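The next block is start-v3.csv, given as CSV, C-alpha atoms.
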chain,number,residue,atom,x,y,z
F,15,MET,CA,11.5,-54.1,-13.4
F,16,ARG,CA,7.9,-52.8,-13.6
F,17,ILE,CA,7.8,-52.7,-9.8
F,18,LEU,CA,11.2,-50.9,-9.6
F,19,ALA,CA,10.1,-48.4,-12.3
F,20,ALA,CA,6.8,-47.8,-10.5
F,21,LEU,CA,8.7,-47.2,-7.2
F,22,VAL,CA,11.1,-44.7,-8.9
F,23,LEU,CA,8.1,-42.9,-10.4
F,24,PHE,CA,6.4,-42.8,-7.0
F,25,VAL,CA,9.6,-41.3,-5.5
F,26,ILE,CA,9.9,-38.7,-8.2
F,27,ILE,CA,6.2,-37.7,-8.0
F,28,GLY,CA,6.4,-37.7,-4.2
F,29,CYS,CA,9.5,-35.5,-4.2
F,30,GLY,CA,8.3,-33.2,-6.9
F,31,PRO,CA,5.9,-31.0,-5.0
F,32,SER,CA,8.3,-30.5,-2.1
F,33,LYS,CA,11.2,-29.6,-4.4
F,34,ARG,CA,9.0,-27.2,-6.3
F,35,THR,CA,7.8,-25.7,-3.0
F,36,ARG,CA,11.4,-25.2,-1.8
F,37,TYR,CA,12.2,-23.5,-5.1
F,38,LEU,CA,9.2,-21.1,-4.8
F,39,HIS,CA,10.2,-20.5,-1.1
F,40,GLU,CA,13.7,-19.5,-2.1
F,41,SER,CA,12.5,-17.4,-5.0
F,42,ALA,CA,10.1,-15.6,-2.7
F,43,ILE,CA,12.8,-14.8,-0.2
F,44,THR,CA,15.2,-13.6,-3.0
F,45,MET,CA,12.7,-11.5,-4.9
F,46,VAL,CA,10.3,-10.3,-2.2
F,47,GLY,CA,11.2,-11.0,1.5
F,48,PRO,CA,8.9,-10.8,4.5
F,49,LEU,CA,7.8,-7.5,5.9
F,50,PRO,CA,9.6,-6.2,9.0
F,51,GLU,CA,7.6,-6.4,12.3
F,52,THR,CA,7.9,-2.7,12.6
F,53,ALA,CA,8.7,0.4,10.5
F,54,GLY,CA,9.1,2.7,13.5
F,55,LYS,CA,12.0,5.1,14.2
F,56,LYS,CA,13.8,5.4,17.5
F,57,SER,CA,12.4,8.9,17.8
F,58,ASP,CA,8.8,7.4,17.7
F,59,THR,CA,8.1,7.6,21.4
F,60,ALA,CA,4.8,6.3,22.9
F,61,GLU,CA,3.7,9.9,23.5
F,62,LEU,CA,4.4,10.8,19.9
F,63,VAL,CA,2.6,7.9,18.5
F,64,LYS,CA,-0.4,8.5,20.8
F,65,LEU,CA,-0.6,12.1,19.7
F,66,GLY,CA,-0.3,11.1,16.0
F,67,GLU,CA,-3.1,8.6,16.4
F,68,ARG,CA,-5.4,11.2,17.9
F,69,LEU,CA,-4.6,13.7,15.1
F,70,TYR,CA,-5.1,11.0,12.5
F,71,PHE,CA,-8.7,10.5,13.6
F,72,ASP,CA,-9.5,14.1,14.5
F,73,THR,CA,-11.6,16.2,12.1
F,74,ILE,CA,-10.1,19.3,13.7
F,75,LEU,CA,-7.5,19.3,11.0
F,76,SER,CA,-10.1,20.2,8.3
F,77,ALA,CA,-11.5,23.6,7.5
F,78,ASN,CA,-15.1,22.7,8.5
F,79,ASP,CA,-14.3,19.9,11.0
F,80,SER,CA,-15.8,17.3,8.8
F,81,VAL,CA,-12.8,15.3,7.4
F,82,SER,CA,-9.9,13.5,9.1
F,83,CYS,CA,-7.0,11.5,7.7
F,84,ASN,CA,-9.1,8.4,8.5
F,85,SER,CA,-11.9,9.6,6.3
F,86,CYS,CA,-10.0,8.7,3.2
F,87,HIS,CA,-7.6,6.1,4.8
F,88,ARG,CA,-9.9,4.1,7.0
F,89,VAL,CA,-8.0,2.0,9.7
F,90,ASP,CA,-10.7,2.1,12.3
F,91,ASN,CA,-12.4,-1.3,12.8
F,92,LEU,CA,-9.4,-2.9,11.1
F,93,GLY,CA,-10.0,-1.1,7.9
F,94,ALA,CA,-7.6,-1.5,5.0
F,95,GLY,CA,-6.4,2.1,4.9
F,96,VAL,CA,-8.7,3.1,2.1
F,97,ASP,CA,-12.3,4.4,1.9
F,98,GLY,CA,-13.5,2.0,-0.9
F,99,GLY,CA,-14.4,4.8,-3.3
F,100,ARG,CA,-13.2,5.4,-6.8
F,101,VAL,CA,-11.9,8.8,-5.6
F,102,SER,CA,-12.3,10.4,-2.2
F,103,ALA,CA,-14.4,13.3,-1.1
F,104,GLY,CA,-13.0,16.1,0.9
F,105,VAL,CA,-14.5,19.2,2.6
F,106,GLY,CA,-17.8,20.2,1.1
F,107,GLY,CA,-18.0,16.9,-0.8
F,108,LYS,CA,-15.3,18.0,-3.3
F,109,GLU,CA,-13.8,15.1,-5.2
F,110,GLY,CA,-10.2,14.6,-6.2
F,111,ASN,CA,-9.1,12.8,-9.4
F,112,ARG,CA,-7.1,9.9,-7.9
F,113,ASN,CA,-7.9,6.8,-5.9
F,114,SER,CA,-6.7,7.0,-2.3
F,115,PRO,CA,-3.8,4.5,-1.8
F,116,THR,CA,-3.7,2.5,1.4
F,117,VAL,CA,-1.8,3.8,4.4
F,118,LEU,CA,-1.0,0.3,5.5
F,119,ASN,CA,2.8,-0.3,5.2
F,120,ALA,CA,3.1,3.2,3.7
F,121,ALA,CA,6.2,3.8,5.7
F,122,LEU,CA,8.1,1.2,3.6
F,123,HIS,CA,7.4,2.9,0.2
F,124,THR,CA,10.2,4.7,-1.6
F,125,ALA,CA,8.0,7.8,-1.8
F,126,GLN,CA,4.4,8.9,-1.2
F,127,PHE,CA,1.4,9.6,-3.4
F,128,TRP,CA,0.8,8.1,-6.8
F,129,ASP,CA,3.2,10.5,-8.4
F,130,GLY,CA,5.8,10.3,-5.6
F,131,ARG,CA,5.8,14.0,-4.9
F,132,ALA,CA,6.3,13.5,-1.2
F,133,LYS,CA,9.6,11.9,-0.1
F,134,ASP,CA,8.3,10.5,3.2
F,135,LEU,CA,5.3,10.2,5.5
F,136,GLU,CA,6.0,13.5,7.2
F,137,ALA,CA,5.9,15.3,3.8
F,138,GLN,CA,2.8,13.3,2.8
F,139,ALA,CA,0.9,14.1,6.1
F,140,GLY,CA,1.2,17.8,5.5
F,141,GLY,CA,-0.2,17.8,2.0
F,142,PRO,CA,-3.9,16.9,2.4
F,143,ILE,CA,-4.4,19.2,5.3
F,144,LEU,CA,-3.7,22.2,3.1
F,145,ASN,CA,-5.2,20.9,-0.1
F,146,PRO,CA,-8.3,22.9,-0.9
F,147,ILE,CA,-10.1,19.8,-2.2
F,148,GLU,CA,-9.2,17.5,0.6
F,149,MET,CA,-9.1,19.1,4.1
F,150,GLY,CA,-9.1,22.7,3.0
F,151,MET,CA,-7.0,24.5,5.7
F,152,PRO,CA,-5.8,27.9,4.4
F,153,ASN,CA,-2.2,27.7,5.7
F,154,GLU,CA,0.1,26.2,8.3
F,155,ARG,CA,-0.3,29.0,10.8
F,156,PHE,CA,-4.0,28.7,10.8
F,157,VAL,CA,-3.7,25.0,11.7
F,158,GLU,CA,-1.2,25.7,14.5
F,159,GLN,CA,-3.5,28.4,16.0
F,160,LYS,CA,-6.5,26.2,15.8
F,161,LEU,CA,-4.8,23.4,17.8
F,162,ALA,CA,-3.3,25.9,20.2
F,163,LYS,CA,-6.8,27.0,21.2
F,164,HIS,CA,-7.9,23.4,21.9
F,165,ASN,CA,-8.3,22.4,25.6
F,166,GLU,CA,-6.1,19.3,25.4
F,167,TYR,CA,-3.7,19.5,22.4
F,168,PRO,CA,-1.1,22.0,23.9
F,169,ALA,CA,-0.4,19.6,26.8
F,170,LEU,CA,-0.3,16.6,24.5
F,171,PHE,CA,2.2,18.3,22.2
F,172,ARG,CA,4.4,19.3,25.1
F,173,LYS,CA,4.5,15.6,26.2
F,174,ALA,CA,5.2,14.4,22.7
F,175,PHE,CA,7.9,17.0,22.0
F,176,PRO,CA,9.9,17.5,25.3
F,177,GLY,CA,12.7,20.0,25.0
F,178,GLU,CA,11.1,21.8,22.0
F,179,PRO,CA,9.4,25.2,22.2
F,180,ALA,CA,6.0,25.1,23.7
F,181,ALA,CA,4.2,26.6,20.7
F,182,ILE,CA,2.7,24.1,18.4
F,183,ARG,CA,4.4,23.9,15.0
F,184,TYR,CA,3.1,22.4,11.8
F,185,ASN,CA,6.1,20.1,11.4
F,186,GLN,CA,5.2,18.6,14.8
F,187,ILE,CA,1.8,17.8,13.5
F,188,THR,CA,3.2,15.9,10.5
F,189,ARG,CA,5.9,14.2,12.5
F,190,ALA,CA,3.3,12.9,15.0
F,191,ILE,CA,1.0,11.6,12.3
F,192,ALA,CA,3.9,9.9,10.5
F,193,ALA,CA,5.0,8.2,13.8
F,194,TYR,CA,1.5,6.7,14.1
F,195,GLU,CA,1.4,5.7,10.5
F,196,ARG,CA,4.7,3.8,10.9
F,197,THR,CA,2.9,1.5,13.3
F,198,LEU,CA,0.5,0.3,10.5
F,199,VAL,CA,2.6,-2.6,9.4
F,200,THR,CA,0.8,-5.8,8.4
F,201,SER,CA,1.6,-9.5,8.4
F,202,ASP,CA,0.2,-12.2,6.1
F,203,ARG,CA,0.4,-15.8,5.1
F,204,PHE,CA,3.0,-15.1,2.4
F,205,ASP,CA,5.2,-13.7,5.1
F,206,ASP,CA,4.7,-17.0,7.1
F,207,PHE,CA,5.7,-18.9,3.9
F,208,MET,CA,8.8,-16.8,3.5
F,209,ARG,CA,9.7,-17.2,7.2
F,210,GLY,CA,9.8,-20.9,6.9
F,211,ASN,CA,6.3,-22.3,7.1
F,212,ILE,CA,6.3,-23.9,3.6
F,213,ASN,CA,2.8,-25.3,4.3
F,214,ALA,CA,1.3,-21.8,4.7
F,215,LEU,CA,0.1,-21.6,1.1
F,216,THR,CA,-2.1,-24.0,-0.8
F,217,GLY,CA,-1.3,-25.7,-4.1
F,218,ARG,CA,-3.4,-23.2,-6.0
F,219,GLU,CA,-1.8,-20.3,-4.3
F,220,LEU,CA,1.7,-21.7,-5.1
F,221,LYS,CA,0.6,-22.1,-8.7
F,222,GLY,CA,-0.4,-18.4,-8.6
F,223,PHE,CA,2.9,-17.3,-7.3
F,224,ALA,CA,4.8,-19.4,-9.9
F,225,LEU,CA,2.6,-17.8,-12.6
F,226,PHE,CA,3.2,-14.4,-11.1
F,227,MET,CA,6.9,-14.9,-11.7
F,228,GLU,CA,6.6,-16.7,-15.0
F,229,ILE,CA,4.6,-14.1,-16.9
F,230,GLY,CA,6.6,-11.2,-15.5
F,231,CYS,CA,4.5,-9.5,-12.8
F,232,ILE,CA,7.5,-9.8,-10.5
F,233,SER,CA,9.5,-7.4,-12.7
F,234,CYS,CA,7.5,-4.5,-11.3
F,235,HIS,CA,5.9,-5.9,-8.2
F,236,ASN,CA,9.0,-7.0,-6.3
F,237,GLY,CA,10.6,-6.2,-2.9
F,238,LYS,CA,9.0,-6.5,0.5
F,239,LEU,CA,5.9,-4.6,-0.6
F,240,LEU,CA,5.6,-6.3,-4.0
F,241,GLY,CA,5.7,-2.8,-5.4
F,242,GLY,CA,6.0,0.7,-3.9
F,243,ASN,CA,9.7,0.9,-4.8
F,244,THR,CA,9.7,2.1,-8.5
F,245,PHE,CA,7.9,4.2,-11.0
F,246,ARG,CA,6.5,2.8,-14.2
F,247,LYS,CA,4.4,3.9,-17.2
F,248,VAL,CA,0.9,2.6,-17.0
F,249,GLY,CA,0.3,1.1,-20.4
F,250,GLY,CA,3.8,0.0,-21.2
F,251,VAL,CA,2.7,-2.3,-24.0
F,252,ILE,CA,-0.8,-1.2,-24.8
F,253,PRO,CA,-1.9,2.4,-24.0
F,254,TYR,CA,-4.1,2.7,-20.9
F,255,ASP,CA,-7.7,3.7,-21.6
F,256,ASN,CA,-7.6,6.8,-19.4
F,257,LEU,CA,-5.0,9.4,-20.7
F,258,THR,CA,-6.3,12.4,-18.8
F,259,ASP,CA,-3.9,12.0,-15.8
F,260,LEU,CA,-0.3,12.6,-16.8
F,261,GLY,CA,1.2,11.1,-13.6
F,262,ARG,CA,4.7,12.2,-12.7
F,263,TYR,CA,4.8,14.6,-15.7
F,264,SER,CA,2.8,17.1,-13.6
F,265,ILE,CA,5.7,17.1,-11.2
F,266,THR,CA,8.8,16.7,-13.3
F,267,LYS,CA,7.6,18.2,-16.7
F,268,SER,CA,9.7,15.6,-18.4
F,269,ASP,CA,8.0,13.9,-21.4
F,270,ALA,CA,9.5,10.6,-20.2
F,271,ASP,CA,7.3,10.8,-17.1
F,272,LYS,CA,4.0,11.0,-18.9
F,273,TYR,CA,1.6,8.4,-17.6
F,274,VAL,CA,4.2,7.3,-15.1
F,275,PHE,CA,3.0,6.4,-11.6
F,276,LYS,CA,4.4,4.7,-8.5
F,277,VAL,CA,4.0,0.9,-8.8
F,278,PRO,CA,1.4,0.1,-6.1
F,279,SER,CA,2.2,-2.3,-3.4
F,280,LEU,CA,0.2,-5.6,-3.7
F,281,ARG,CA,0.2,-6.1,0.1
F,282,ASN,CA,-3.5,-6.2,1.2
F,283,ILE,CA,-4.6,-5.8,-2.5
F,284,GLU,CA,-7.7,-7.9,-1.9
F,285,LEU,CA,-9.0,-5.3,0.5
F,286,THR,CA,-8.3,-2.1,-1.5
F,287,ALA,CA,-10.7,-2.1,-4.4
F,288,PRO,CA,-11.3,-0.3,-6.7
F,289,TYR,CA,-8.0,-0.4,-8.4
F,290,PHE,CA,-5.4,1.8,-10.3
F,291,HIS,CA,-4.7,5.5,-9.8
F,292,ASP,CA,-8.2,6.4,-11.2
F,293,GLY,CA,-10.1,3.7,-9.3
F,294,SER,CA,-11.4,2.4,-12.7
F,295,ARG,CA,-11.2,-1.4,-12.1
F,296,PRO,CA,-13.8,-2.6,-9.6
F,297,THR,CA,-12.5,-6.1,-8.9
F,298,LEU,CA,-9.2,-7.9,-8.4
F,299,GLU,CA,-9.8,-10.1,-11.4
F,300,SER,CA,-10.5,-7.1,-13.7
F,301,ALA,CA,-7.3,-5.5,-12.5
F,302,ILE,CA,-5.3,-8.6,-13.1
F,303,LEU,CA,-6.6,-8.9,-16.7
F,304,THR,CA,-5.9,-5.3,-17.5
F,305,MET,CA,-2.4,-5.3,-16.1
F,306,ALA,CA,-1.5,-8.5,-17.9
F,307,GLN,CA,-2.7,-7.0,-21.2
F,308,ILE,CA,-1.4,-3.4,-21.1
F,309,GLN,CA,1.9,-4.1,-19.2
F,310,LEU,CA,2.9,-7.5,-20.3
F,311,GLY,CA,1.0,-8.0,-23.6
F,312,LYS,CA,-0.6,-11.2,-22.3
F,313,ASN,CA,-4.2,-12.3,-22.5
F,314,LEU,CA,-4.8,-14.6,-19.6
F,315,ASN,CA,-7.5,-17.2,-19.4
F,316,ARG,CA,-9.9,-17.5,-16.5
F,317,LEU,CA,-7.9,-20.2,-14.7
F,318,GLU,CA,-4.7,-18.2,-14.9
F,319,VAL,CA,-6.6,-15.2,-13.5
F,320,ALA,CA,-8.0,-17.3,-10.7
F,321,TYR,CA,-4.6,-18.7,-9.8
F,322,LEU,CA,-3.1,-15.2,-9.6
F,323,ALA,CA,-6.0,-13.9,-7.5
F,324,ASP,CA,-5.6,-16.8,-5.1
F,325,PHE,CA,-1.9,-15.9,-4.7
F,326,LEU,CA,-2.7,-12.2,-4.2
F,327,ARG,CA,-5.2,-13.0,-1.5
F,328,THR,CA,-2.3,-14.5,0.6
F,329,LEU,CA,-1.0,-11.0,0.9
F,330,THR,CA,-4.0,-9.9,3.1
F,331,ASP,CA,-3.1,-9.0,6.7
F,332,LYS,CA,-4.2,-11.8,9.0
F,333,LYS,CA,-5.8,-9.3,11.4
F,334,ARG,CA,-7.9,-8.0,8.6
F,335,GLY,CA,-9.3,-11.3,7.4
F,336,GLY,CA,-6.4,-12.9,5.6
F,337,ARG,CA,-7.1,-16.6,5.4
In structure tokens, write the structure found in this file.
Amino acid sequence: MRILAALVLFVIIGCGPSKRTRYLHESAITMVGPLPETAGKKSDTAELVKLGERLYFDTILSANDSVSCNSCHRVDNLGAGVDGGRVSAGVGGKEGNRNSPTVLNAALHTAQFWDGRAKDLEAQAGGPILNPIEMGMPNERFVEQKLAKHNEYPALFRKAFPGEPAAIRYNQITRAIAAYERTLVTSDRFDDFMRGNINALTGRELKGFALFMEIGCISCHNGKLLGGNTFRKVGGVIPYDNLTDLGRYSITKSDADKYVFKVPSLRNIELTAPYFHDGSRPTLESAILTMAQIQLGKNLNRLEVAYLADFLRTLTDKKRGGR
């Protein structure tokens, strides 16, 4: 009997991890789902993407030729789409009041900017160019004329926009930049796990994902981006320690939108420190602790934080160092 009991226990223990892994795999697919291989549109021709990439890296779009899109959203040398600063500096060193979100996978967000004021990448791309603190251009016409005087851009625009008037238009600039940004889709080990490689994650990482669901992180950070698809009040349980930025209230003027921001995507979160809309949390662990406290009313211990951090690091693009 003892031998039989021991054998049954061995079978149960042996089956346990695989059953648990299958459950977590199914949960991941249901609540998250892998990223698509591309976010491009049919209209994103090779010529349009090429033009957009050049514009993205060109400081010509700033008033004093010192700032490009890439200055605040670094993707050169496999950058994570951020500049690593608490806030970013624009023309003349002027600083904004919000942390620059990553441009990686931005095409898959429900809206752009922390307050969601731009409905898509095209609308987002046009904002910083004319923002006096960021790129500082005076108006759309000035930008069009500046590019029209360039030795190469007129021909590049004609190739990218065949059949349209030869004169460069501001909406062509934003359409081209958006087309390039739609190519910035990442792939990570959590995607591999959801696509069927159940050995893609370690035991600690699986514990982290299980805890992520158990304590309620998944209630806001869900969908393919683990965020980026809803707006929530920061400090839902305990008030956030920075009440100077009113979030979406500045757009909607509705009291219900005070301190409401777009839920950030957790994809590549390991690479995008510092965290939150004000860049106030320097490490992933400090961000986890704060979110658990003010959003969920939970005080996590060090082991729980470590498990969650281990899981979140599986969301790092494999090309950008994801292990």
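Excluding region 219-229 of chain F itself and same-chain residues fewer than 3 positions from it, the residues having an atom within 9 Å of it are Thr35, Leu38, Ala42, Leu215, Thr216, Ile232, Ser233, Ala306, Leu310, Lys312, Glu318, Val319, Ala320, Tyr321, Leu322, Ala323, Asp324, Phe325, Leu326, Arg327 and Thr328 of chain F, counting all atoms listed in the file.
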List every protein, DNA or RNA residue with an atom no more than 12 Å from (-6.9, -4.0, -4.1) in the file's coordinates, counting all atoms listed in the file, and format the result as JSON, numbers by chain. {"F": [94, 95, 96, 97, 98, 99, 100, 113, 114, 115, 116, 278, 279, 280, 281, 282, 283, 284, 285, 286, 287, 288, 289, 290, 291, 293, 294, 295, 296, 297, 298, 299, 300, 301, 302, 323, 326, 327, 329, 330]}
Which of F:Asn111, F:Asn185, F:Thr200, F:Gln159 sits closest to Pro48 (chain F) [using only C-alpha atoms]: F:Thr200
Judged by all atoms listed in the file, the minimum distance to Leu49 (chain F) among F:Ser264, F:Ala121, F:Asn256, F:Ala190 is found for F:Ala121
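Minimum atom-to-atom distance to Thr124 (chain F), evaluated using only C-alpha atoms, belongs to F:Phe245 out of F:Phe171, F:Tyr263, F:Phe245, F:Tyr254.
Residue nearest Arg88 (chain F), chosen from F:Met208, F:Ala137, F:Leu198, F:Leu122 and counting only C-alpha atoms: F:Leu198.
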Nearest residue to Arg196 (chain F) from the set F:Pro146, F:Gly66, F:Pro152, F:Gly336 (distances using only C-alpha atoms): F:Gly66
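The interatomic distance for the pair CA of Leu75 (chain F) and CA of Ser57 (chain F) works out to 23.5 Å.
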Thr197 (chain F) proximity check over F:Cys86, F:Leu135, F:Ile265, F:Leu314, using only C-alpha atoms: winner is F:Leu135
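In this structure, CA of Met45 (chain F) sits 27.8 Å away from CA of Pro253 (chain F).
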Contacts of Val199 (chain F) at 7 Å (only C-alpha atoms; same-chain gap of 2+ positions) as a ChimeraX atom specification: /F:51-53,118-119,196-197
Output the selection as a CSV table (one decimal), keeping the file's coordinate frame - C-alpha atoms for each residue.
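Produced file selection-v6.csv, reproduced below:
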chain,number,residue,atom,x,y,z
F,51,GLU,CA,7.6,-6.4,12.3
F,52,THR,CA,7.9,-2.7,12.6
F,53,ALA,CA,8.7,0.4,10.5
F,118,LEU,CA,-1.0,0.3,5.5
F,119,ASN,CA,2.8,-0.3,5.2
F,196,ARG,CA,4.7,3.8,10.9
F,197,THR,CA,2.9,1.5,13.3
Do you know which residues are at most 12 Å from Lys160 (chain F) counting only C-alpha atoms, after dropping those on the same chain fewer than 5 positions away, and could you put them as JSON, numbers by chain? {"F": [73, 74, 75, 76, 77, 78, 79, 151, 152, 153, 154, 155, 165, 166, 167, 168, 181, 182, 183, 184]}
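Picture a line from CA of Thr188 (chain F) to CA of Leu69 (chain F); it runs 9.3 Å.
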Counting only C-alpha atoms, what is within 12 Å of Ala180 (chain F), bar same-chain residues fewer than 4 positions away, as an MDAnalysis selection string? chainID F and resid 158 162 167:176 186
Show me the residues close to (2.2, 14.7, -1.3) - anything with an atom within 9 Å, counting all atoms listed in the file - and format the list as an MDAnalysis selection string. chainID F and resid 126:135 137:142
